[in-house]
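> For reference, this is model04.cif, and it has mmCIF, C-alpha atoms.
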```cif
data_input
loop_
_atom_site.group_PDB
_atom_site.id
_atom_site.type_symbol
_atom_site.label_atom_id
_atom_site.label_comp_id
_atom_site.auth_asym_id
_atom_site.auth_seq_id
_atom_site.Cartn_x
_atom_site.Cartn_y
_atom_site.Cartn_z
ATOM 1 C CA MET A 1256 -11.845 -35.177 -10.327
ATOM 2 C CA LYS A 1257 -8.420 -35.891 -11.816
ATOM 3 C CA VAL A 1258 -9.204 -33.521 -14.705
ATOM 4 C CA LEU A 1259 -10.252 -30.864 -12.188
ATOM 5 C CA PHE A 1260 -6.954 -31.143 -10.298
ATOM 6 C CA LYS A 1261 -4.973 -30.936 -13.528
ATOM 7 C CA THR A 1262 -6.953 -27.885 -14.646
ATOM 8 C CA LEU A 1263 -6.205 -26.146 -11.350
ATOM 9 C CA ARG A 1264 -2.527 -27.206 -11.677
ATOM 10 C CA LEU A 1265 -2.367 -28.051 -7.987
ATOM 11 C CA HIS A 1266 1.267 -29.179 -8.309
ATOM 12 C CA GLN A 1267 2.120 -25.516 -8.911
ATOM 13 C CA SER A 1268 1.077 -24.822 -5.321
ATOM 14 C CA LEU A 1269 4.592 -25.882 -4.350
ATOM 15 C CA LYS A 1270 5.691 -22.409 -5.484
ATOM 16 C CA ASN A 1271 3.357 -20.910 -2.902
ATOM 17 C CA CYS A 1272 5.378 -22.567 -0.126
ATOM 18 C CA LEU A 1273 7.635 -19.524 -0.552
ATOM 19 C CA ILE A 1274 5.056 -17.736 1.585
ATOM 20 C CA PHE A 1275 6.453 -19.698 4.552
ATOM 21 C CA PHE A 1276 10.046 -18.649 3.745
ATOM 22 C CA PRO A 1277 10.152 -15.431 5.855
ATOM 23 C CA MET A 1278 8.710 -17.258 8.863
ATOM 24 C CA MET A 1279 11.113 -20.190 8.476
ATOM 25 C CA ALA A 1280 14.156 -18.013 7.781
ATOM 26 C CA SER A 1281 13.491 -15.979 10.923
ATOM 27 C CA PHE A 1282 12.465 -19.027 13.030
ATOM 28 C CA SER A 1283 9.363 -17.083 14.132
ATOM 29 C CA PHE A 1284 6.950 -19.981 14.624
ATOM 30 C CA SER A 1285 4.235 -18.320 16.645
ATOM 31 C CA ILE A 1286 0.659 -19.630 16.419
ATOM 32 C CA SER A 1287 -0.427 -16.370 14.794
ATOM 33 C CA ASN A 1288 2.325 -16.543 12.144
ATOM 34 C CA ILE A 1289 1.625 -20.181 11.335
ATOM 35 C CA LYS A 1290 -2.133 -19.555 11.017
ATOM 36 C CA ASN A 1291 -1.681 -16.468 8.820
ATOM 37 C CA CYS A 1292 0.885 -18.178 6.598
ATOM 38 C CA PHE A 1293 -1.392 -21.184 6.026
ATOM 39 C CA LEU A 1294 -4.289 -18.870 5.169
ATOM 40 C CA ALA A 1295 -1.987 -16.893 2.864
ATOM 41 C CA PHE A 1296 -0.866 -20.142 1.203
ATOM 42 C CA LEU A 1297 -4.486 -21.153 0.611
ATOM 43 C CA SER A 1298 -5.421 -17.693 -0.677
ATOM 44 C CA PHE A 1299 -2.468 -17.485 -3.056
ATOM 45 C CA SER A 1300 -3.017 -21.049 -4.295
ATOM 46 C CA LEU A 1301 -6.657 -20.337 -5.152
ATOM 47 C CA VAL A 1302 -5.837 -17.086 -6.930
ATOM 48 C CA ALA A 1303 -2.876 -18.610 -8.788
ATOM 49 C CA SER A 1304 -4.965 -21.601 -9.932
ATOM 50 C CA SER A 1305 -7.610 -19.305 -11.397
ATOM 51 C CA LEU A 1306 -4.931 -17.354 -13.252
ATOM 52 C CA TYR A 1307 -3.399 -20.569 -14.610
ATOM 53 C CA ILE A 1308 -6.819 -21.467 -16.014
ATOM 54 C CA LEU A 1309 -7.113 -18.064 -17.667
ATOM 55 C CA ASN A 1310 -3.591 -18.413 -19.069
ATOM 56 C CA ASP A 1311 -4.478 -21.834 -20.519
ATOM 57 C CA ILE A 1312 -7.537 -20.342 -22.218
ATOM 58 C CA LEU A 1313 -5.574 -17.441 -23.706
ATOM 59 C CA ASP A 1314 -2.739 -19.780 -24.752
ATOM 60 C CA LEU A 1315 -5.088 -22.378 -26.215
ATOM 61 C CA LYS A 1316 -3.929 -22.111 -29.831
ATOM 62 C CA TYR A 1317 -0.254 -22.318 -28.827
ATOM 63 C CA ASP A 1318 -0.762 -25.136 -26.305
ATOM 64 C CA LYS A 1319 -2.498 -27.278 -28.934
ATOM 65 C CA LYS A 1320 0.735 -27.188 -30.974
ATOM 66 C CA HIS A 1321 3.035 -27.739 -27.981
ATOM 67 C CA PRO A 1322 4.554 -31.273 -27.684
ATOM 68 C CA LYS A 1323 3.563 -31.577 -24.009
ATOM 69 C CA LYS A 1324 1.116 -28.761 -23.206
ATOM 70 C CA LYS A 1325 -1.351 -30.132 -25.777
ATOM 71 C CA TYR A 1326 -2.284 -32.778 -23.181
ATOM 72 C CA ARG A 1327 -3.505 -30.191 -20.669
ATOM 73 C CA PRO A 1328 -7.266 -30.519 -19.922
ATOM 74 C CA ILE A 1329 -8.330 -27.334 -21.735
ATOM 75 C CA ALA A 1330 -6.017 -27.816 -24.740
ATOM 76 C CA SER A 1331 -7.078 -31.455 -25.123
ATOM 77 C CA GLY A 1332 -10.772 -30.615 -24.775
ATOM 78 C CA LYS A 1333 -11.297 -32.655 -21.586
ATOM 79 C CA ILE A 1334 -12.910 -29.616 -19.955
ATOM 80 C CA SER A 1335 -14.872 -26.881 -21.734
ATOM 81 C CA ILE A 1336 -13.887 -23.223 -21.723
ATOM 82 C CA THR A 1337 -17.219 -22.321 -20.068
ATOM 83 C CA SER A 1338 -16.623 -24.735 -17.186
ATOM 84 C CA SER A 1339 -13.045 -23.504 -16.888
ATOM 85 C CA LEU A 1340 -14.163 -19.876 -16.615
ATOM 86 C CA PHE A 1341 -16.721 -20.776 -13.934
ATOM 87 C CA LEU A 1342 -14.037 -22.640 -11.976
ATOM 88 C CA ALA A 1343 -11.611 -19.714 -12.312
ATOM 89 C CA SER A 1344 -14.260 -17.209 -11.114
ATOM 90 C CA PHE A 1345 -15.036 -19.297 -8.041
ATOM 91 C CA THR A 1346 -11.413 -19.902 -7.005
ATOM 92 C CA ILE A 1347 -10.267 -16.287 -7.458
ATOM 93 C CA SER A 1348 -13.273 -14.937 -5.515
ATOM 94 C CA LEU A 1349 -12.608 -17.312 -2.622
ATOM 95 C CA GLY A 1350 -8.884 -16.514 -2.760
ATOM 96 C CA PHE A 1351 -9.498 -12.756 -2.564
ATOM 97 C CA PHE A 1352 -11.940 -13.225 0.318
ATOM 98 C CA ILE A 1353 -9.407 -15.194 2.377
ATOM 99 C CA GLY A 1354 -6.691 -12.664 1.476
ATOM 100 C CA PHE A 1355 -8.854 -9.791 2.752
ATOM 101 C CA ILE A 1356 -9.341 -11.619 6.066
ATOM 102 C CA ILE A 1357 -5.552 -11.897 6.599
ATOM 103 C CA ASN A 1358 -4.751 -8.181 6.303
ATOM 104 C CA ILE A 1359 -5.197 -5.347 3.838
ATOM 105 C CA LYS A 1360 -1.524 -5.312 2.769
ATOM 106 C CA PHE A 1361 -1.628 -8.979 1.776
ATOM 107 C CA PHE A 1362 -4.930 -8.365 -0.014
ATOM 108 C CA PHE A 1363 -3.382 -5.630 -2.167
ATOM 109 C CA ILE A 1364 -0.356 -7.838 -2.885
ATOM 110 C CA ILE A 1365 -2.495 -10.627 -4.368
ATOM 111 C CA ILE A 1366 -4.471 -8.061 -6.373
ATOM 112 C CA ALA A 1367 -1.214 -6.601 -7.725
ATOM 113 C CA TYR A 1368 -0.009 -10.137 -8.478
ATOM 114 C CA SER A 1369 -3.209 -10.915 -10.388
ATOM 115 C CA ILE A 1370 -2.954 -7.749 -12.468
ATOM 116 C CA LEU A 1371 0.705 -8.424 -13.264
ATOM 117 C CA VAL A 1372 -0.112 -12.001 -14.312
ATOM 118 C CA LEU A 1373 -2.813 -10.741 -16.681
ATOM 119 C CA ILE A 1374 -0.397 -8.215 -18.210
ATOM 120 C CA TYR A 1375 2.238 -10.928 -18.504
ATOM 121 C CA THR A 1376 -0.192 -13.354 -20.129
ATOM 122 C CA THR A 1377 -1.424 -10.877 -22.735
ATOM 123 C CA ILE A 1378 1.715 -8.829 -23.474
ATOM 124 C CA ILE A 1379 4.943 -9.401 -21.555
ATOM 125 C CA LYS A 1380 5.386 -13.140 -22.167
ATOM 126 C CA LYS A 1381 6.095 -12.370 -25.825
ATOM 127 C CA ILE A 1382 8.906 -9.924 -24.990
ATOM 128 C CA PHE A 1383 12.486 -11.219 -24.969
ATOM 129 C CA ILE A 1384 14.102 -11.343 -21.476
ATOM 130 C CA LEU A 1385 11.413 -9.114 -19.925
ATOM 131 C CA ASP A 1386 9.241 -12.203 -19.602
ATOM 132 C CA ILE A 1387 11.949 -13.907 -17.511
ATOM 133 C CA ILE A 1388 12.246 -10.854 -15.265
ATOM 134 C CA VAL A 1389 8.493 -10.850 -14.665
ATOM 135 C CA LEU A 1390 8.478 -14.609 -14.055
ATOM 136 C CA THR A 1391 11.140 -13.951 -11.405
ATOM 137 C CA SER A 1392 8.939 -11.276 -9.847
ATOM 138 C CA PHE A 1393 6.142 -13.835 -9.450
ATOM 139 C CA TYR A 1394 8.382 -15.844 -7.124
ATOM 140 C CA MET A 1395 9.472 -12.717 -5.266
ATOM 141 C CA ILE A 1396 5.889 -11.537 -4.780
ATOM 142 C CA ARG A 1397 5.174 -14.809 -2.967
ATOM 143 C CA ILE A 1398 8.021 -14.049 -0.562
ATOM 144 C CA PHE A 1399 6.737 -10.498 -0.003
ATOM 145 C CA ALA A 1400 3.255 -11.952 0.541
ATOM 146 C CA GLY A 1401 4.754 -14.174 3.240
ATOM 147 C CA GLU A 1402 6.412 -11.145 4.821
ATOM 148 C CA SER A 1403 3.069 -9.364 4.870
ATOM 149 C CA ALA A 1404 1.127 -12.331 6.274
ATOM 150 C CA SER A 1405 3.645 -13.002 9.052
ATOM 151 C CA GLU A 1406 4.708 -9.350 9.469
ATOM 152 C CA ILE A 1407 8.371 -10.381 9.301
ATOM 153 C CA ASN A 1408 11.052 -8.529 7.340
ATOM 154 C CA LEU A 1409 13.740 -10.554 5.590
ATOM 155 C CA SER A 1410 17.383 -9.592 5.290
ATOM 156 C CA HIS A 1411 18.110 -7.599 2.111
ATOM 157 C CA TRP A 1412 20.811 -10.178 1.360
ATOM 158 C CA LEU A 1413 18.248 -12.989 1.320
ATOM 159 C CA ILE A 1414 15.951 -10.931 -0.896
ATOM 160 C CA MET A 1415 18.785 -10.320 -3.374
ATOM 161 C CA PHE A 1416 19.756 -13.996 -3.233
ATOM 162 C CA SER A 1417 16.162 -15.001 -3.954
ATOM 163 C CA GLY A 1418 16.004 -12.647 -6.937
ATOM 164 C CA PHE A 1419 19.056 -14.163 -8.649
ATOM 165 C CA PHE A 1420 18.027 -17.692 -7.628
ATOM 166 C CA PHE A 1421 14.574 -17.455 -9.188
ATOM 167 C CA PHE A 1422 15.838 -15.602 -12.244
ATOM 168 C CA SER A 1423 17.986 -18.670 -12.885
ATOM 169 C CA LEU A 1424 14.978 -20.978 -12.558
ATOM 170 C CA ALA A 1425 12.891 -18.814 -14.897
ATOM 171 C CA SER A 1426 15.612 -18.749 -17.561
ATOM 172 C CA ILE A 1427 16.091 -22.531 -17.253
ATOM 173 C CA LYS A 1428 12.384 -22.847 -18.063
ATOM 174 C CA ARG A 1429 12.974 -21.010 -21.374
ATOM 175 C CA ILE A 1430 16.084 -23.055 -22.161
ATOM 176 C CA THR A 1431 14.104 -26.255 -21.668
ATOM 177 C CA GLU A 1432 11.310 -25.065 -23.956
ATOM 178 C CA LEU A 1433 13.747 -24.003 -26.681
ATOM 179 C CA ILE A 1434 15.586 -27.341 -26.626
ATOM 180 C CA LEU A 1435 12.260 -29.176 -26.711
ATOM 181 C CA PHE A 1436 11.202 -27.238 -29.783
ATOM 182 C CA GLN A 1437 14.648 -27.733 -31.308
ATOM 183 C CA LYS A 1438 14.023 -31.477 -31.170
ATOM 184 C CA ASN A 1439 10.819 -30.865 -33.087
ATOM 185 C CA ARG A 1440 12.757 -28.795 -35.655
ATOM 186 C CA THR A 1441 11.036 -25.532 -34.816
ATOM 187 C CA THR A 1442 13.172 -22.376 -35.121
ATOM 188 C CA LYS A 1443 10.994 -20.093 -32.975
ATOM 189 C CA LEU A 1444 9.330 -20.671 -29.636
ATOM 190 C CA LYS A 1445 5.654 -20.151 -30.428
ATOM 191 C CA GLY A 1446 3.976 -17.429 -28.383
ATOM 192 C CA ARG A 1447 7.356 -16.280 -27.036
ATOM 193 C CA GLY A 1448 10.082 -13.910 -28.223
ATOM 194 C CA TYR A 1449 12.823 -16.530 -28.511
ATOM 195 C CA PHE A 1450 14.615 -18.284 -31.359
ATOM 196 C CA GLN A 1451 16.874 -21.335 -31.367
ATOM 197 C CA ASN A 1452 20.054 -19.253 -31.530
ATOM 198 C CA ASP A 1453 19.122 -17.668 -28.183
ATOM 199 C CA ILE A 1454 19.906 -20.889 -26.283
ATOM 200 C CA ASN A 1455 23.628 -20.150 -25.722
ATOM 201 C CA PHE A 1456 22.845 -16.627 -24.559
ATOM 202 C CA LEU A 1457 20.248 -17.933 -22.083
ATOM 203 C CA ILE A 1458 22.685 -20.551 -20.770
ATOM 204 C CA SER A 1459 25.294 -17.810 -20.161
ATOM 205 C CA LEU A 1460 22.682 -15.625 -18.500
ATOM 206 C CA THR A 1461 21.568 -18.480 -16.292
ATOM 207 C CA THR A 1462 25.125 -19.339 -15.289
ATOM 208 C CA SER A 1463 25.858 -15.705 -14.405
ATOM 209 C CA SER A 1464 22.711 -15.505 -12.298
ATOM 210 C CA ILE A 1465 23.618 -18.720 -10.472
ATOM 211 C CA PHE A 1466 27.064 -17.384 -9.583
ATOM 212 C CA ALA A 1467 25.520 -14.062 -8.514
ATOM 213 C CA SER A 1468 23.080 -15.827 -6.169
ATOM 214 C CA ILE A 1469 25.891 -17.817 -4.562
ATOM 215 C CA ILE A 1470 28.082 -14.713 -4.152
ATOM 216 C CA VAL A 1471 25.197 -12.843 -2.502
ATOM 217 C CA PHE A 1472 24.626 -15.804 -0.190
ATOM 218 C CA ILE A 1473 28.303 -15.671 0.792
ATOM 219 C CA PHE A 1474 27.890 -11.976 1.676
ATOM 220 C CA TYR A 1475 24.826 -12.942 3.712
ATOM 221 C CA ILE A 1476 26.834 -15.523 5.681
ATOM 222 C CA ASN A 1477 29.558 -12.942 6.360
ATOM 223 C CA SER A 1478 27.149 -10.208 7.478
ATOM 224 C CA THR A 1479 27.203 -9.195 11.134
ATOM 225 C CA SER A 1480 23.471 -9.787 11.604
ATOM 226 C CA THR A 1481 23.790 -13.367 10.305
ATOM 227 C CA LYS A 1482 26.649 -14.153 12.683
ATOM 228 C CA ILE A 1483 24.495 -12.884 15.561
ATOM 229 C CA PHE A 1484 21.351 -14.690 14.431
ATOM 230 C CA TYR A 1485 23.162 -17.970 13.707
ATOM 231 C CA PRO A 1486 25.552 -18.784 16.608
ATOM 232 C CA ASN A 1487 27.096 -21.605 14.546
ATOM 233 C CA TYR A 1488 26.986 -19.778 11.216
ATOM 234 C CA GLU A 1489 29.893 -21.903 9.913
ATOM 235 C CA TYR A 1490 27.339 -24.614 9.084
ATOM 236 C CA LEU A 1491 25.910 -22.309 6.421
ATOM 237 C CA TRP A 1492 29.041 -22.568 4.272
ATOM 238 C CA PRO A 1493 28.356 -26.091 2.904
ATOM 239 C CA ILE A 1494 25.031 -24.753 1.584
ATOM 240 C CA THR A 1495 26.922 -22.782 -1.076
ATOM 241 C CA ILE A 1496 28.424 -26.026 -2.413
ATOM 242 C CA LEU A 1497 25.041 -27.757 -2.361
ATOM 243 C CA LEU A 1498 23.434 -24.879 -4.267
ATOM 244 C CA PHE A 1499 26.186 -24.867 -6.863
ATOM 245 C CA TYR A 1500 25.923 -28.618 -7.366
ATOM 246 C CA TRP A 1501 22.106 -28.558 -7.545
ATOM 247 C CA PHE A 1502 21.999 -25.754 -10.098
ATOM 248 C CA SER A 1503 24.796 -27.282 -12.194
ATOM 249 C CA ARG A 1504 22.845 -30.520 -12.328
ATOM 250 C CA ILE A 1505 19.580 -28.777 -13.305
ATOM 251 C CA VAL A 1506 21.272 -26.807 -16.089
ATOM 252 C CA SER A 1507 22.995 -29.960 -17.359
ATOM 253 C CA ILE A 1508 19.694 -31.869 -17.438
ATOM 254 C CA ALA A 1509 17.981 -28.943 -19.182
ATOM 255 C CA CYS A 1510 20.698 -28.729 -21.849
ATOM 256 C CA LYS A 1511 20.313 -32.461 -22.542
ATOM 257 C CA GLY A 1512 16.639 -31.904 -23.245
ATOM 258 C CA ILE A 1513 15.404 -34.314 -20.586
ATOM 259 C CA LEU A 1514 14.100 -31.745 -18.090
ATOM 260 C CA HIS A 1515 10.338 -31.269 -17.827
ATOM 261 C CA HIS A 1516 9.265 -27.981 -19.471
ATOM 262 C CA ASP A 1517 8.367 -26.755 -15.971
ATOM 263 C CA PRO A 1518 11.372 -26.961 -13.562
ATOM 264 C CA VAL A 1519 8.987 -26.946 -10.573
ATOM 265 C CA PHE A 1520 7.362 -30.167 -11.806
ATOM 266 C CA PHE A 1521 10.829 -31.712 -12.135
ATOM 267 C CA ILE A 1522 11.802 -30.665 -8.605
ATOM 268 C CA ILE A 1523 8.625 -32.178 -7.147
ATOM 269 C CA ASN A 1524 9.479 -35.558 -8.653
ATOM 270 C CA ASP A 1525 13.255 -35.421 -8.170
ATOM 271 C CA LYS A 1526 14.395 -37.331 -5.075
ATOM 272 C CA LEU A 1527 17.865 -35.786 -5.125
ATOM 273 C CA SER A 1528 16.386 -32.266 -5.055
ATOM 274 C CA TRP A 1529 14.353 -33.189 -1.986
ATOM 275 C CA PHE A 1530 17.418 -34.715 -0.330
ATOM 276 C CA ILE A 1531 19.428 -31.521 -0.942
ATOM 277 C CA PHE A 1532 16.543 -29.397 0.360
ATOM 278 C CA PHE A 1533 16.343 -31.336 3.640
ATOM 279 C CA LEU A 1534 20.139 -31.296 3.954
ATOM 280 C CA ILE A 1535 20.107 -27.492 3.602
ATOM 281 C CA LEU A 1536 17.330 -27.319 6.190
ATOM 282 C CA PHE A 1537 19.357 -29.524 8.560
ATOM 283 C CA LEU A 1538 22.477 -27.365 8.152
ATOM 284 C CA THR A 1539 20.400 -24.248 8.825
ATOM 285 C CA ILE A 1540 19.048 -25.778 12.039
ATOM 286 C CA LEU A 1541 22.604 -26.671 13.089
ATOM 287 C CA ALA A 1542 23.699 -23.099 12.362
ATOM 288 C CA LYS A 1543 20.875 -21.801 14.523
ATOM 289 C CA ASN A 1544 22.054 -24.141 17.304
ATOM 290 C CA ILE A 1545 18.578 -25.543 17.891
ATOM 291 C CA ILE A 1546 19.770 -29.149 18.174
#
```
Spell out the structure here as structure tokens.

Amino acid sequence: MKVLFKTLRLHQSLKNCLIFFPMMASFSFSISNIKNCFLAFLSFSLVASSLYILNDILDLKYDKKHPKKKYRPIASGKISITSSLFLASFTISLGFFIGFIINIKFFFIIIAYSILVLIYTTIIKKIFILDIIVLTSFYMIRIFAGESASEINLSHWLIMFSGFFFFSLASIKRITELILFQKNRTTKLKGRGYFQNDINFLISLTTSSIFASIIVFIFYINSTSTKIFYPNYEYLWPITILLFYWFSRIVSIACKGILHHDPVFFIINDKLSWFIFFLILFLTILAKNII
């Protein structure tokens, strides 16, 4: 059972919580929205798990040489390719079925996501910078899926903020991998379009994206619609400091080579990240004047 969970990469389902973001950001907690968002979360998690399995199969020769990925169930031989393919077929079929029940727009979004993942896995992930852009789009698609499931439209400022925010996370993932391979005296990231001398460029790119996300968030706070929606919008200002501190810490940890190769896995196990998340949530509730 433990091998099954690892094969499905259930910890990656945390990313799918972004589906709830439009509902939470708009404070639209109707029974219909909650039900549809939970179904959308389940659908996306099933589809994403099947695509992770396929990615592990296609990346098998690279994962076997990776310092950490070689311990994954498929790379280590704990589960056969045949069993993995059967598992992937079952989960993606069930995921599509649930997605179709939600609404046709959501259904087409998860189909488009699946196609993009397949293109990324076979072609794009080997292309310098373009792979990071597509990785960012995977996060954004989850937000758009949440919009579709709940039929809520987010502010364009929040969408822009999310784009820069997740671009930073995606580039941190590459920085971490490059530093990990640097420790193993490898000049090129296997299966990717990056070399060791790209680290400084990626750090600069990440830093720029972090600042851009914070600047966009400041514009969001100052927008007329935000001031109307949040009666005590002043409580949103400390969030900019929290975001800056959190990102600075993540980049610092990544540059030291002690960050897990997947930032999401690090966040799940990082108590300070959870504390900052709940503090941001608390400040947002104060801004909304709910308590």
> Could you give me, as a ChimeraX atom specification, the residues within 8 Å of Val1389 of chain A, counting all atoms listed in the file and dropping anything in the same chain fewer than 3 positions from it?
/A:1375,1379,1385-1386,1392-1393
> Quick one: which segment 1305-1370 of chain A residues come within 9 Å of segment 1262-1285 of chain A, and what is the nearest atom pair for each with the distance in Å to one decimal, counting only C-alpha atoms, rows ordered by chain and ascending number, as a tab-separated table?

```
residue	atom	partner	partner_atom	distance
A:Ser1305	CA	A:Leu1263	CA	7.0
A:Tyr1307	CA	A:Leu1263	CA	7.0
A:Ile1308	CA	A:Thr1262	CA	6.6
A:Asp1311	CA	A:Thr1262	CA	8.8
A:Arg1327	CA	A:Thr1262	CA	7.3
A:Pro1328	CA	A:Thr1262	CA	5.9
A:Ile1329	CA	A:Thr1262	CA	7.2
A:Ile1334	CA	A:Thr1262	CA	8.2
A:Ser1339	CA	A:Thr1262	CA	7.8
A:Leu1342	CA	A:Leu1263	CA	8.6
A:Ala1343	CA	A:Leu1263	CA	8.5
```
> Save out the residues we just selected, C-alpha atoms, as a compact mmCIF listing (two decimals), in the frame of the given file.

```txt
# COMPACT_ATOMS: atom_id res chain seq x y z
CA SER A 1305 -7.61 -19.30 -11.40
CA TYR A 1307 -3.40 -20.57 -14.61
CA ILE A 1308 -6.82 -21.47 -16.01
CA ASP A 1311 -4.48 -21.83 -20.52
CA ARG A 1327 -3.50 -30.19 -20.67
CA PRO A 1328 -7.27 -30.52 -19.92
CA ILE A 1329 -8.33 -27.33 -21.74
CA ILE A 1334 -12.91 -29.62 -19.95
CA SER A 1339 -13.04 -23.50 -16.89
CA LEU A 1342 -14.04 -22.64 -11.98
CA ALA A 1343 -11.61 -19.71 -12.31
```
> Residues within 9 Å of Ser1369 of chain A, please, as a PDB file with C-alpha atoms, in the coordinates of the input. Count only C-alpha atoms; anything in the same chain fewer than 6 positions from it doesn't count.

```pdb
ATOM      1  CA  VAL A1302      -5.837 -17.086  -6.930  1.00  0.00           C
ATOM      2  CA  ALA A1303      -2.876 -18.610  -8.788  1.00  0.00           C
ATOM      3  CA  LEU A1306      -4.931 -17.354 -13.252  1.00  0.00           C
TER       4      LEU A1306
END
```
> Which one is closest to Ile1496 of chain A: A:Leu1373, A:Ile1522, A:Ile1469, A:Ile1508? Count all atoms listed in the file.
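Between A:Leu1373, A:Ile1522, A:Ile1469, A:Ile1508, the residue approaching Ile1496 of chain A most closely is A:Ile1469.
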> Taking (2.0, -15.9, 12.3) in the file's coordinates, which residues come within 10 Å, counting all atoms listed in the file, written as a tab-separated table (two decimals) with C-alpha atoms, in the coordinates of the input?

```tsv
chain	number	residue	atom	x	y	z
A	1275	PHE	CA	6.45	-19.70	4.55
A	1278	MET	CA	8.71	-17.26	8.86
A	1283	SER	CA	9.36	-17.08	14.13
A	1284	PHE	CA	6.95	-19.98	14.62
A	1285	SER	CA	4.24	-18.32	16.64
A	1286	ILE	CA	0.66	-19.63	16.42
A	1287	SER	CA	-0.43	-16.37	14.79
A	1288	ASN	CA	2.33	-16.54	12.14
A	1289	ILE	CA	1.62	-20.18	11.34
A	1290	LYS	CA	-2.13	-19.56	11.02
A	1291	ASN	CA	-1.68	-16.47	8.82
A	1292	CYS	CA	0.88	-18.18	6.60
A	1293	PHE	CA	-1.39	-21.18	6.03
A	1294	LEU	CA	-4.29	-18.87	5.17
A	1401	GLY	CA	4.75	-14.17	3.24
A	1402	GLU	CA	6.41	-11.14	4.82
A	1403	SER	CA	3.07	-9.36	4.87
A	1404	ALA	CA	1.13	-12.33	6.27
A	1405	SER	CA	3.64	-13.00	9.05
A	1406	GLU	CA	4.71	-9.35	9.47
A	1407	ILE	CA	8.37	-10.38	9.30
```
> Residue by residue, what does the PyMOL selection byres ((chain A and resi 1481) around 12) grab here? Present the result as a list in words.
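Against this file, the PyMOL selection byres ((chain A and resi 1481) around 12) returns the residues Ala1280, Ser1281, Leu1409, Ser1410, His1411, Trp1412, Leu1413, Phe1472, Ile1473, Phe1474, Tyr1475, Ile1476, Asn1477, Ser1478, Thr1479, Ser1480, Lys1482, Ile1483, Phe1484, Tyr1485, Pro1486, Asn1487, Tyr1488, Glu1489, Tyr1490, Leu1491, Thr1539, Ala1542 and Lys1543 of chain A.
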> Tell me which protein, DNA and RNA residues are within 9 Å of Phe1345 of chain A, counting all atoms listed in the file, leaving out same-chain ones fewer than 5 positions away, and put them as a PDB file with C-alpha atoms, keeping the file's coordinate frame.

```
ATOM      1  CA  LEU A1301      -6.657 -20.337  -5.152  1.00  0.00           C
ATOM      2  CA  SER A1305      -7.610 -19.305 -11.397  1.00  0.00           C
ATOM      3  CA  LEU A1340     -14.163 -19.876 -16.615  1.00  0.00           C
ATOM      4  CA  GLY A1350      -8.884 -16.514  -2.760  1.00  0.00           C
TER       5      GLY A1350
END
```
> What would the selection look like, as a PyMOL selection string, if the PyMOL selection byres ((chain A and resi 1510) around 10) were run on the coordinates I just shared?
chain A and resi 1427+1430-1431+1433-1435+1454-1455+1458+1504-1509+1511-1514
> How big is the axis-aligned box around all listed atoms of segment 1334-1339 of chain A once 5 Å goes on each side, and where's its centre, in Å to one decimal, as JSON?

```
{"center_x": -15.1, "center_y": -26.0, "center_z": -19.3, "size_x": 14.3, "size_y": 17.3, "size_z": 14.8}
```
> Give me the residues within 10 Å of Leu1349 of chain A as a PyMOL selection string, counting all atoms listed in the file and dropping any in the same chain fewer than 5 places off.
chain A and resi 1297-1298+1301-1302+1344+1354-1355
> I'd like the interatomic distance between atom CA of Tyr1368 of chain A and atom CA of Phe1419 of chain A, to a tenth of an Å.
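So the two atoms, atom CA of Tyr1368 of chain A and atom CA of Phe1419 of chain A, lie 19.5 Å apart.
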> List the residues sitting within 9 Å of (15.4, -18.5, -16.5) in the file's frame, using all atoms listed in the file, as a list of chain:residue names.
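Residues satisfying the cut-off, written out: A:Ile1384, A:Ile1387, A:Ile1388, A:Leu1390, A:Thr1391, A:Phe1421, A:Phe1422, A:Ser1423, A:Leu1424, A:Ala1425, A:Ser1426, A:Ile1427, A:Lys1428, A:Arg1429, A:Ile1430, A:Leu1457, A:Ile1458, A:Leu1460, A:Thr1461, A:Ser1464.
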> Have a look at atom CA of Ile1353 of chain A and atom CA of Phe1296 of chain A and let me know their distance in Å, one decimal.
9.9 Å
> From the list A:Tyr1449, A:Phe1530, A:Phe1341, A:Phe1399, which residue is nearest Leu1309 of chain A when using all atoms listed in the file?
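Checking each of A:Tyr1449, A:Phe1530, A:Phe1341, A:Phe1399 against Leu1309 of chain A, counting all atoms listed in the file, the winner is A:Phe1341.
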> Using all atoms listed in the file, which of A:Lys1261, A:Phe1520, A:Leu1527, A:Leu1497 sits nearest Lys1333 of chain A?
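Between A:Lys1261, A:Phe1520, A:Leu1527, A:Leu1497, the residue approaching Lys1333 of chain A most closely is A:Lys1261.
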> Between A:Tyr1394, A:Phe1363, A:Ala1400, A:Ala1467, single out the one closest to Phe1351 of chain A, counting all atoms listed in the file.
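Distance minimum relative to Phe1351 of chain A lands on A:Phe1363.
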> Using Å and a single decimal, report how far atom CA of Phe1502 of chain A sits from atom CA of Thr1376 of chain A.
27.3 Å
> Using the block above, I'd like segment 1426-1430 of chain A written out, keeping N, CA and C atoms and formatting it as a short mmCIF file (atom, residue, chain, number, x, y, z; two decimals), in the first residue's frame.

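After the write, part.cif holds the following:
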```
data_model
loop_
_atom_site.label_atom_id
_atom_site.label_comp_id
_atom_site.auth_asym_id
_atom_site.auth_seq_id
_atom_site.Cartn_x
_atom_site.Cartn_y
_atom_site.Cartn_z
N SER A 1426 11.12 27.93 -10.91
CA SER A 1426 12.54 28.19 -11.15
C SER A 1426 13.38 27.75 -9.95
N ILE A 1427 12.82 27.85 -8.74
CA ILE A 1427 13.52 27.36 -7.54
C ILE A 1427 13.73 25.85 -7.65
N LYS A 1428 12.75 25.17 -8.22
CA LYS A 1428 12.86 23.72 -8.43
C LYS A 1428 14.08 23.39 -9.29
N ARG A 1429 14.31 24.18 -10.34
CA ARG A 1429 15.47 23.95 -11.22
C ARG A 1429 16.78 24.30 -10.51
N ILE A 1430 16.76 25.37 -9.74
CA ILE A 1430 17.96 25.76 -8.99
C ILE A 1430 18.37 24.64 -8.04
#
```
